[in-house]
Every structure is written in C-alpha cells, then in structure tokens.
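Q: Okay, so here is input_19.cif, and as you'll see once you scroll down, it has mmCIF, C-alpha atoms and all ligand atoms.
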```cif
data_structure
#
loop_
_atom_site.label_atom_id
_atom_site.label_comp_id
_atom_site.auth_asym_id
_atom_site.auth_seq_id
_atom_site.Cartn_x
_atom_site.Cartn_y
_atom_site.Cartn_z
CA MET T 396 -14.06 -20.28 10.71
CA ASN T 397 -15.38 -17.10 9.16
CA LEU T 398 -12.46 -15.16 7.69
CA SER T 399 -14.51 -12.95 5.41
CA THR T 400 -13.60 -9.31 5.54
CA ARG T 401 -14.91 -6.07 4.13
CA TYR T 402 -12.29 -3.91 2.47
CA LEU T 403 -12.97 -0.84 0.29
CA GLY T 404 -16.59 -1.90 0.14
CA LEU T 405 -15.59 -5.29 -1.32
CA THR T 406 -16.07 -8.65 0.37
CA LEU T 407 -12.82 -10.61 0.68
CA ASN T 408 -12.61 -14.30 1.61
CA THR T 409 -9.69 -13.61 3.93
CA PRO T 410 -8.08 -10.52 5.44
CA LEU T 411 -4.70 -11.28 3.81
CA VAL T 412 -3.71 -9.13 0.87
CA ALA T 413 -0.66 -9.59 -1.33
CA ALA T 414 0.87 -6.09 -1.31
CA ALA T 415 2.07 -4.39 -4.48
CA SER T 416 5.36 -5.93 -5.53
CA THR T 417 7.11 -7.51 -8.49
CA LEU T 418 5.70 -10.87 -7.37
CA CYS T 419 2.17 -9.76 -8.27
CA GLY T 420 3.33 -8.70 -11.74
CA GLU T 421 3.07 -12.25 -12.97
CA VAL T 422 -0.26 -13.98 -13.54
CA GLY T 423 1.00 -17.42 -12.45
CA ALA T 424 2.01 -16.00 -9.07
CA ILE T 425 -1.34 -14.22 -8.76
CA ARG T 426 -3.09 -17.57 -9.27
CA ARG T 427 -0.87 -19.22 -6.65
CA LEU T 428 -1.65 -16.39 -4.24
CA GLU T 429 -5.37 -16.96 -4.73
CA ASP T 430 -4.92 -20.72 -4.21
CA ALA T 431 -2.92 -20.04 -1.05
CA GLY T 432 -5.73 -17.95 0.42
CA ALA T 433 -5.02 -14.32 -0.51
CA GLY T 434 -8.17 -12.25 -0.09
CA ALA T 435 -7.01 -9.82 -2.80
CA VAL T 436 -3.88 -8.95 -4.74
CA VAL T 437 -2.38 -5.55 -5.45
CA LEU T 438 -0.54 -5.36 -8.75
CA PRO T 439 2.85 -3.63 -8.87
CA SER T 440 2.58 0.09 -9.53
CA ILE T 441 2.41 1.79 -12.84
CA PHE T 442 4.36 5.01 -12.39
CA GLN T 443 3.29 8.50 -13.27
CA GLU T 444 6.57 8.89 -15.15
CA GLU T 445 5.75 5.93 -17.41
CA ILE T 446 2.29 7.29 -18.21
CA ASP T 447 3.38 10.90 -18.67
CA HIS T 448 6.25 9.78 -20.85
CA GLU T 449 3.83 8.05 -23.17
CA LEU T 450 1.46 11.03 -23.21
CA GLU T 451 4.34 13.34 -24.12
CA GLU T 452 5.45 10.92 -26.77
CA VAL T 453 1.93 10.81 -28.25
CA ASP T 454 1.77 14.63 -28.29
CA ARG T 455 5.17 14.85 -29.91
CA LEU T 456 4.30 12.32 -32.62
CA LEU T 457 0.95 13.98 -33.25
CA ALA T 458 2.59 17.38 -33.64
CA GLU T 459 5.31 16.03 -35.88
CA THR T 460 3.43 13.72 -38.18
CA GLY T 461 -0.28 13.68 -37.44
CA ALA T 462 -2.54 10.93 -36.09
CA GLU T 463 -1.10 8.28 -38.35
CA ALA T 464 2.09 8.36 -36.35
CA LEU T 465 0.31 6.87 -33.36
CA SER T 466 0.75 3.43 -34.78
CA TYR T 467 4.50 4.00 -34.67
CA LEU T 468 4.74 4.34 -30.90
CA PRO T 469 8.06 3.10 -29.57
CA PRO T 470 7.68 -0.66 -29.18
CA GLY T 471 9.00 -0.63 -25.60
CA LEU T 472 6.04 1.45 -24.48
CA ALA T 473 3.46 -0.86 -26.01
CA ASP T 474 5.11 -3.83 -24.30
CA LEU T 475 4.75 -4.88 -20.70
CA GLY T 476 6.10 -2.16 -18.48
CA GLY T 477 4.40 0.62 -20.38
CA PRO T 478 0.82 1.79 -19.83
CA GLU T 479 -0.58 -0.61 -22.46
CA GLY T 480 1.28 -3.53 -20.95
CA TYR T 481 -0.07 -2.62 -17.55
CA LEU T 482 -3.66 -2.63 -18.77
CA LYS T 483 -2.98 -6.02 -20.32
CA LEU T 484 -1.74 -7.24 -16.92
CA VAL T 485 -4.92 -5.96 -15.26
CA ARG T 486 -7.07 -7.76 -17.85
CA ARG T 487 -5.12 -11.01 -17.62
CA ALA T 488 -5.14 -10.98 -13.82
CA ARG T 489 -8.87 -10.24 -13.84
CA GLU T 490 -9.52 -13.24 -16.08
CA ALA T 491 -7.20 -15.53 -14.12
CA VAL T 492 -8.62 -15.17 -10.61
CA ASP T 493 -11.89 -14.55 -8.79
CA ILE T 494 -10.44 -12.49 -5.93
CA PRO T 495 -10.34 -8.69 -6.25
CA VAL T 496 -7.46 -7.38 -8.34
CA ILE T 497 -6.33 -3.98 -7.13
CA ALA T 498 -4.25 -1.88 -9.51
CA SER T 499 -1.63 0.49 -8.13
CA LEU T 500 -1.06 3.98 -9.48
CA ASN T 501 2.12 5.59 -8.25
CA GLY T 502 2.59 9.29 -8.76
CA ALA T 503 3.41 12.56 -7.07
CA ALA T 504 1.85 15.24 -9.24
CA GLN T 505 -1.57 15.80 -10.72
CA SER T 506 -1.22 15.46 -14.45
CA GLY T 507 -2.37 13.43 -17.46
CA TRP T 508 -1.66 10.17 -15.68
CA VAL T 509 -4.75 10.65 -13.54
CA ASP T 510 -6.99 9.96 -16.56
CA TYR T 511 -5.22 6.67 -16.96
CA ALA T 512 -7.11 5.54 -13.83
CA ARG T 513 -10.24 5.36 -15.99
CA GLN T 514 -8.54 2.92 -18.34
CA ILE T 515 -7.49 0.80 -15.38
CA GLU T 516 -11.13 0.63 -14.32
CA GLN T 517 -12.21 -0.32 -17.84
CA ALA T 518 -9.57 -3.06 -17.89
CA GLY T 519 -11.37 -4.70 -14.97
CA ALA T 520 -9.55 -3.63 -11.80
CA SER T 521 -11.68 -4.05 -8.68
CA ALA T 522 -10.12 -1.00 -7.02
CA ILE T 523 -7.17 1.37 -7.27
CA GLU T 524 -4.44 1.82 -4.71
CA LEU T 525 -2.95 5.25 -5.06
CA ASN T 526 0.64 5.52 -3.93
CA VAL T 527 1.72 9.12 -3.60
CA PHE T 528 5.41 8.58 -3.13
CA TYR T 529 6.70 12.05 -2.67
CA LEU T 530 9.87 13.34 -1.07
CA PRO T 531 9.63 17.07 -0.42
CA THR T 532 13.33 17.84 -0.71
CA ASP T 533 12.42 21.34 -1.92
CA LEU T 534 13.05 23.29 1.29
CA SER T 535 10.64 26.06 0.34
CA LEU T 536 7.66 23.70 0.20
CA PRO T 537 5.49 23.89 3.33
CA GLY T 538 3.94 20.72 4.77
CA VAL T 539 0.43 21.93 4.10
CA GLU T 540 1.22 22.06 0.37
CA VAL T 541 2.39 18.46 0.43
CA GLU T 542 -0.86 17.48 2.12
CA ARG T 543 -2.92 19.52 -0.37
CA ARG T 544 -1.19 17.71 -3.17
CA HIS T 545 -2.22 14.33 -1.73
CA ILE T 546 -5.82 15.50 -1.40
CA ALA T 547 -5.89 16.96 -4.93
CA ILE T 548 -4.50 13.77 -6.45
CA LEU T 549 -7.00 11.64 -4.54
CA LYS T 550 -9.91 13.85 -5.64
CA ALA T 551 -8.76 13.79 -9.25
CA VAL T 552 -8.54 10.00 -9.30
CA LYS T 553 -11.84 9.60 -7.44
CA GLY T 554 -13.43 11.92 -9.99
CA ALA T 555 -12.13 9.77 -12.85
CA VAL T 556 -13.39 6.36 -11.69
CA SER T 557 -16.30 4.71 -9.95
CA ILE T 558 -14.34 1.82 -8.42
CA PRO T 559 -13.03 2.30 -4.86
CA VAL T 560 -9.75 4.16 -4.35
CA ALA T 561 -7.39 3.51 -1.44
CA ILE T 562 -4.44 5.75 -0.70
CA LYS T 563 -1.09 4.41 0.46
CA LEU T 564 0.57 6.95 2.69
CA SER T 565 3.97 7.61 4.13
CA PRO T 566 4.22 7.97 7.91
CA TYR T 567 6.17 11.23 7.55
CA PHE T 568 3.51 13.86 8.21
CA SER T 569 3.41 16.09 11.24
CA SER T 570 -0.20 15.05 11.83
CA VAL T 571 -0.95 11.71 10.22
CA GLY T 572 -4.39 11.50 11.82
CA HIS T 573 -5.48 14.89 10.51
CA LEU T 574 -4.35 14.11 6.98
CA VAL T 575 -6.14 10.75 7.07
CA GLY T 576 -9.28 12.58 8.27
CA GLU T 577 -9.02 15.08 5.40
CA LEU T 578 -8.55 12.31 2.86
CA ASP T 579 -11.44 10.42 4.44
CA ARG T 580 -13.66 13.46 3.97
CA ALA T 581 -12.37 13.84 0.41
CA GLY T 582 -13.71 10.36 -0.36
CA ALA T 583 -10.81 7.94 0.14
CA ASP T 584 -12.23 4.43 0.42
CA GLY T 585 -9.26 3.17 2.38
CA PHE T 586 -5.80 3.86 3.78
CA VAL T 587 -2.76 1.67 3.34
CA LEU T 588 -0.46 2.37 6.25
CA PHE T 589 2.32 2.70 5.45
CA ASN T 590 4.30 3.10 2.31
CA ARG T 591 7.86 1.93 2.92
CA PHE T 592 10.44 4.49 1.98
CA TYR T 593 13.54 3.30 0.24
CA GLN T 594 16.19 5.61 1.60
CA PRO T 595 19.59 5.69 -0.02
CA ASP T 596 22.76 4.52 1.72
CA ILE T 597 26.35 5.64 1.15
CA ASP T 598 28.94 3.32 -0.32
CA LEU T 599 32.16 4.19 1.54
CA GLU T 600 34.38 2.41 -0.98
CA GLU T 601 32.96 4.02 -4.09
CA LEU T 602 32.06 7.22 -2.24
CA LYS T 603 28.64 7.58 -3.76
CA PRO T 604 25.03 7.29 -2.65
CA VAL T 605 23.52 3.90 -3.40
CA ARG T 606 19.99 2.71 -3.68
CA ASP T 607 19.14 -0.84 -2.82
CA LEU T 608 16.05 -2.67 -1.76
CA ARG T 609 16.02 -4.35 1.63
CA LEU T 610 13.17 -6.63 2.51
CA SER T 611 11.38 -5.75 5.72
CA HIS T 612 11.72 -7.28 9.20
CA ARG T 613 9.03 -7.77 11.81
CA GLY T 614 10.13 -4.86 13.99
CA GLU T 615 8.71 -2.65 11.23
CA ILE T 616 5.13 -3.33 12.26
CA ARG T 617 5.40 -0.96 15.23
CA LEU T 618 4.71 2.35 13.49
CA PRO T 619 1.81 1.15 11.31
CA LEU T 620 0.43 -0.76 14.32
CA LEU T 621 0.34 2.44 16.34
CA TRP T 622 -1.53 4.36 13.65
CA ILE T 623 -3.93 1.55 12.80
CA ALA T 624 -4.77 1.36 16.51
CA ALA T 625 -5.16 5.13 16.72
CA LEU T 626 -7.41 5.38 13.65
CA ALA T 627 -9.54 2.23 13.99
CA GLY T 628 -13.21 3.06 14.30
CA ARG T 629 -12.58 6.77 13.72
CA VAL T 630 -12.60 6.97 9.93
CA LYS T 631 -15.11 5.85 7.31
CA GLY T 632 -12.45 4.36 5.02
CA SER T 633 -10.96 0.89 5.46
CA LEU T 634 -7.59 0.39 7.11
CA ALA T 635 -4.93 -1.80 5.50
CA ALA T 636 -1.82 -2.55 7.52
CA SER T 637 1.36 -2.72 5.49
CA SER T 638 4.95 -3.33 6.60
CA GLY T 639 6.82 -5.93 8.56
CA VAL T 640 4.56 -8.99 8.34
CA GLN T 641 6.78 -12.07 8.47
CA THR T 642 4.59 -14.54 10.41
CA ALA T 643 0.96 -14.98 11.45
CA ALA T 644 1.76 -13.25 14.75
CA GLU T 645 2.12 -9.88 12.98
CA VAL T 646 -1.13 -10.51 11.10
CA VAL T 647 -2.97 -11.18 14.36
CA LYS T 648 -1.48 -8.08 16.04
CA TYR T 649 -2.57 -5.86 13.17
CA LEU T 650 -6.09 -7.30 13.31
CA PHE T 651 -6.30 -6.74 17.07
CA ALA T 652 -5.17 -3.14 16.46
CA GLY T 653 -8.08 -2.70 14.04
CA ALA T 654 -6.81 -3.40 10.53
CA ASP T 655 -9.46 -4.48 8.05
CA VAL T 656 -6.81 -6.24 5.98
CA VAL T 657 -3.15 -7.04 6.42
CA CYS T 658 -0.82 -6.73 3.45
CA THR T 659 2.45 -8.51 2.88
CA ALA T 660 5.17 -8.26 0.26
CA SER T 661 8.62 -9.06 1.72
CA ALA T 662 7.57 -12.38 3.30
CA LEU T 663 6.08 -13.53 -0.01
CA ILE T 664 9.19 -12.52 -1.90
CA ARG T 665 11.37 -14.36 0.64
CA HIS T 666 9.35 -17.57 0.77
CA GLY T 667 7.25 -17.61 -2.42
CA ALA T 668 3.56 -17.05 -3.13
CA GLY T 669 2.62 -20.30 -1.32
CA TYR T 670 3.71 -18.68 1.95
CA MET T 671 0.34 -16.96 2.00
CA LYS T 672 -1.09 -20.32 3.10
CA THR T 673 1.37 -20.50 6.02
CA LEU T 674 0.19 -17.06 7.14
CA LEU T 675 -3.44 -18.05 6.73
CA ASP T 676 -3.03 -21.38 8.56
CA GLY T 677 -1.26 -19.52 11.37
CA LEU T 678 -4.10 -17.01 11.57
CA VAL T 679 -6.74 -19.75 11.70
CA ALA T 680 -4.78 -21.66 14.38
CA ASP T 681 -4.49 -18.48 16.44
CA LEU T 682 -8.20 -17.72 16.17
CA GLU T 683 -9.08 -21.30 17.09
CA ALA T 684 -6.81 -21.15 20.14
CA ARG T 685 -8.69 -18.04 21.22
CA GLU T 686 -12.00 -19.74 20.47
CA ALA T 687 -12.90 -16.95 18.06
CA ALA T 688 -15.26 -17.96 15.27
CA SER T 689 -14.40 -15.06 12.96
CA VAL T 690 -11.79 -12.36 12.35
CA ASP T 691 -14.43 -9.80 13.29
CA GLU T 692 -14.30 -11.14 16.86
CA ILE T 693 -10.74 -9.92 17.35
CA ARG T 694 -10.65 -6.99 14.94
CA GLY T 695 -10.04 -3.72 16.74
CA ARG T 696 -10.22 -5.22 20.23
CA LEU T 697 -6.93 -3.53 21.06
CA SER T 698 -7.49 -0.34 19.13
CA ARG T 699 -6.89 2.92 20.96
CA ALA T 700 -10.64 3.42 21.28
CA SER T 701 -11.16 -0.04 22.79
CA VAL T 702 -8.42 -0.45 25.37
CA ALA T 703 -8.81 0.52 29.00
CA GLU T 704 -5.55 2.49 28.93
CA PRO T 705 -5.48 4.39 25.62
CA GLU T 706 -2.52 6.44 26.87
CA ILE T 707 -0.39 3.36 26.12
CA TYR T 708 -0.59 4.65 22.55
CA ASP T 709 0.25 8.22 23.55
CA ARG T 710 2.98 10.38 24.99
CA ALA T 711 2.59 9.05 28.54
CA ASN T 712 3.75 5.68 27.28
CA TYR T 713 6.83 7.25 25.72
CA MET T 714 7.71 8.96 28.97
CA LYS T 715 7.39 5.75 31.00
CA ILE T 716 9.48 3.73 28.57
CA ILE T 717 12.23 6.31 28.44
CA ARG T 718 12.30 6.59 32.25
CA THR T 719 12.29 2.85 32.92
CA GLY T 720 14.69 2.08 30.07
CA HIS T 721 12.65 -1.01 29.21
CA THR T 722 13.93 -2.76 26.08
CA ALA T 723 12.56 -5.73 24.18
CA ALA T 724 15.15 -8.36 23.29
CA GLY T 725 15.16 -10.23 20.00
CA GLU T 726 12.98 -7.71 18.16
CA LEU T 727 14.58 -8.06 14.77
C1 LIG F 801 10.37 -5.93 -4.46
C2 LIG F 801 9.33 -4.97 -3.99
C3 LIG F 801 8.58 -4.28 -4.93
C4 LIG F 801 7.61 -3.36 -4.51
N1 LIG F 801 6.88 -2.71 -5.46
C5 LIG F 801 5.91 -1.83 -5.06
C6 LIG F 801 5.12 -1.15 -6.01
O1 LIG F 801 5.26 -1.34 -7.21
N2 LIG F 801 4.19 -0.27 -5.55
C7 LIG F 801 3.99 -0.05 -4.22
O2 LIG F 801 3.11 0.74 -3.85
N3 LIG F 801 4.71 -0.70 -3.29
C8 LIG F 801 5.67 -1.57 -3.67
N4 LIG F 801 6.41 -2.23 -2.73
C9 LIG F 801 6.13 -1.97 -1.30
C10 LIG F 801 5.22 -3.03 -0.71
O3 LIG F 801 3.94 -3.01 -1.34
C11 LIG F 801 5.03 -2.85 0.79
O4 LIG F 801 4.32 -1.65 1.06
C12 LIG F 801 6.34 -2.79 1.55
O5 LIG F 801 7.27 -3.72 1.04
C13 LIG F 801 6.12 -3.09 3.03
O6 LIG F 801 5.50 -4.33 3.22
P1 LIG F 801 6.35 -5.64 3.64
O7 LIG F 801 6.98 -5.34 4.92
O8 LIG F 801 5.31 -6.73 3.72
O9 LIG F 801 7.34 -5.88 2.56
C14 LIG F 801 7.38 -3.16 -3.13
C15 LIG F 801 8.12 -3.87 -2.20
C16 LIG F 801 9.08 -4.78 -2.61
C17 LIG F 801 9.86 -5.53 -1.56
#
```
How does this structure look as structure tokens?

A:
Amino acid sequence: MNLSTRYLGLTLNTPLVAAASTLCGEVGAIRRLEDAGAGAVVLPSIFQEEIDHELEEVDRLLAETGAEALSYLPPGLADLGGPEGYLKLVRRAREAVDIPVIASLNGAAQSGWVDYARQIEQAGASAIELNVFYLPTDLSLPGVEVERRHIAILKAVKGAVSIPVAIKLSPYFSSVGHLVGELDRAGADGFVLFNRFYQPDIDLEELKPVRDLRLSHRGEIRLPLLWIAALAGRVKGSLAASSGVQTAAEVVKYLFAGADVVCTASALIRHGAGYMKTLLDGLVADLEAREAASVDEIRGRLSRASVAEPEIYDRANYMKIIRTGHTAAGEL
C-alpha cells in the first residue's frame, strides 16, 4: 500500500499529521507518534505575545544596563515555554525523529516575532505553520483589513525563511475561497483548514464568562470538508484538513474531498499518541476494501471539481435540505 503523500513540498510516509497541541510538546510523545505512523508532527504554538514579551524585555534591559544585562534575562523566559525553550524543543524533536517537524507560530500582528521564524528554521524545523488567531472585536475594523493583515503576516514570514510556510485559517471570512486564493498568490505553501475557535461560555452560577477547552467531535468535519472539497485542485498550495477526526472514516472522507493531509489533535489527546496507528490501520483497511493501491487513488475523487453534481456543495443543496427537512441521526 502506497501511503506516501506530498505536503508543503515535502514527502510524507503517510497522510496523517499530528496537529499542534500540548501532546506534541513532549519529545517522547513525538517519537511515539512517529512509531505509530504519523507522517509529520506539528509542535504546539509559540505565541507572538511570548516572543514580543522577550523582545521588549531585552530592549528594556539593554536601555537600563547595557548589553551585559542580557545574561540576566528572567529565568522563566529562558526555560521551556519561552522562545529559547521553544527552539530547544524544535532541535530536540528534529534529532529524535526522521519525519518532518513543523513548528507553529501563533500571532495576530506583524511585529518583531516574525524574525523569530528565522531562528525556528535554523533550529531545524522542516516547515512553519502560521496560525493567525485573530478576533476582530474592534467594530471599526473592516473585513478587508483583517484579510490584509493575514497576507502581510504571511509575506513577512515567507520573506524571513526558506522553509515552506503553511497558514492555518479560521472559517470566519465572508469569502474564504478568495482569501485562500490571495494567500496562495502571496506564496503560502499550504492551508490548514480550519483553526478551531475557543469561544467563551457563561457560568450562570458565578455570573462570569468562562474559557474552557472542549475536545472536538466528528460532526465538526463538515465545514472543513466543504472547503477542502471546494478548493481541491484549484490552488497551488497543499490542503490540510483539521477538525473533528475521531476515526479512520473522517480521514477517508477528508482524503476523498481532496485533502493532501489530515490532521488530528483531540483524538490523540483522548486516546494517546498510539491512536495514530488505529487511524492508520483503519485507513489502510478502507483503501484495501476499495482495492485502492495508494492514497492518491482516492484523493480528491469527491472534490467539488470532480463530482458530477458540484451543486451539492453549493446553495442549491442548502435549499433542498431546508425544504425536505432531511436530518442525519447520530451525528455527534
Ligand atoms: C489541547 C489542545 C492544544 C492545542 N494547541 C494548539 C496550538 O498550540 N496551536 C494551534 O495552532 N492549534 C492548537 N490546537 C488546535 C488543534 O491543532 C486543532 O486545530 C484543533 O484541535 C482541531 O482539530 P481536532 O478536531 O483534531 O482536535 C490545540 C488543540 C487542543 C485540543
């Protein structure tokens, strides 16, 4: 069975990628993921705030006491969790496994942290996944500005490194396809669809907003599936599906839609790094049952461009569903 896959210009042994999460912040788990058949791992994100904080701190210490003060950086920042610790993680992961190690930069504004991408490359990352997690709660900010910001950040990071750069997007744009096209033209090597937003809830006892982290469920593949299917074959960059994978069935659906790779975080956190092998075995069993000799044989076969009735992915489908009131039982 040929599972090899091209992603961001890299050759992966399998199309399964361990998505950015705390699990991939530990080298032992990264090794187990490789053993269990991950084609690549994405490290947890280093945040713009962490990098900018250190830059500010360096400036402050330089201004106050001169270059000598640099050796007195707050110990917390030099430890894991700070920018230095992150580079150490990249280096250790690089040494520990043969599969591509993708570092994740998470930021919302173009600033000093962009240069940090260069250090990530020097530390041995195979690629960078750029997560522009941005909530435009400023009501005076037009959508086009939010999109420009994504493009500017991508260009800045692309300009700083020579390794491939993927961008992880939110689904909340008025024209996802147009933005993806613009980013494609601006040089994005791939698109991770989608970023999962962690919306706050309200605690009715304490009467305050709360933030918690819920793992995903399989119903969450629907939105990324739609956009992967709509974009497959129409952009230069690779397509990575992200959200909702719990079993091999979701992996297979994403591949049929046209994903180059399928990412998973929640399922691995629920069941452990070894669960990657369950997903892989399920994928292989599915391909064998279909008498497919490679993932390429199924990839994109149900993309919008490949199906006989592309309108299934469009408004006509919405109208029919609403009119017939068709519901799927047992989705969650
Ligand atoms: C515990 C946890 C930590 C995560 N950390 C990151 C992160 O550091 N950077 C990032 O881009 N995404 C992060 N994510 C999001 C995942 O990479 C992924 O996009 C999301 O969970 C949807 O995929 P899933 O349905 O397979 O969980 C995290 C998710 C979880 C559950």

Q: For a quick check of understanding, using only C-alpha atoms, which of T:Pro537, T:Gly614, T:Pro410, T:Gly502 has the smallest distance to Ile562 (chain T)?

A: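 Residue with the minimum atom-to-atom distance to Ile562 (chain T): T:Gly502.
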
Q: Take CA of Gly653 (chain T) and CA of Asp584 (chain T) and report the distance between them in Å, one decimal.

A: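 Separation of CA of Gly653 (chain T) and CA of Asp584 (chain T): 15.9 Å.
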
Q: For each of T:Val646, T:Tyr708, T:Ala627, T:Ser633, take the minimum atom-to-atom distance to Arg696 (chain T), counting only C-alpha atoms, then give the residue where this is smallest.

A: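 Distance minimum relative to Arg696 (chain T) lands on T:Ala627.
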
Q: Residues at most 6 Å from ligand LIG 801 (chain F), using only C-alpha atoms and all ligand atoms? Could they come as a PyMOL selection string?

A: chain T and resi 414-417+439-440+526+590-591+610-611+637-640+659-661

Q: May I ask for the distance between CA of Tyr670 (chain T) and CA of Leu428 (chain T), given in Å to one decimal place?

A: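 Separating CA of Tyr670 (chain T) from CA of Leu428 (chain T) is a distance of 8.5 Å.
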
Q: So the first atom is CA of Asp655 (chain T) and the second is CA of Arg401 (chain T); what is the distance between them in Å, to one decimal place?

A: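 CA of Asp655 (chain T) sits 6.9 Å away from CA of Arg401 (chain T).
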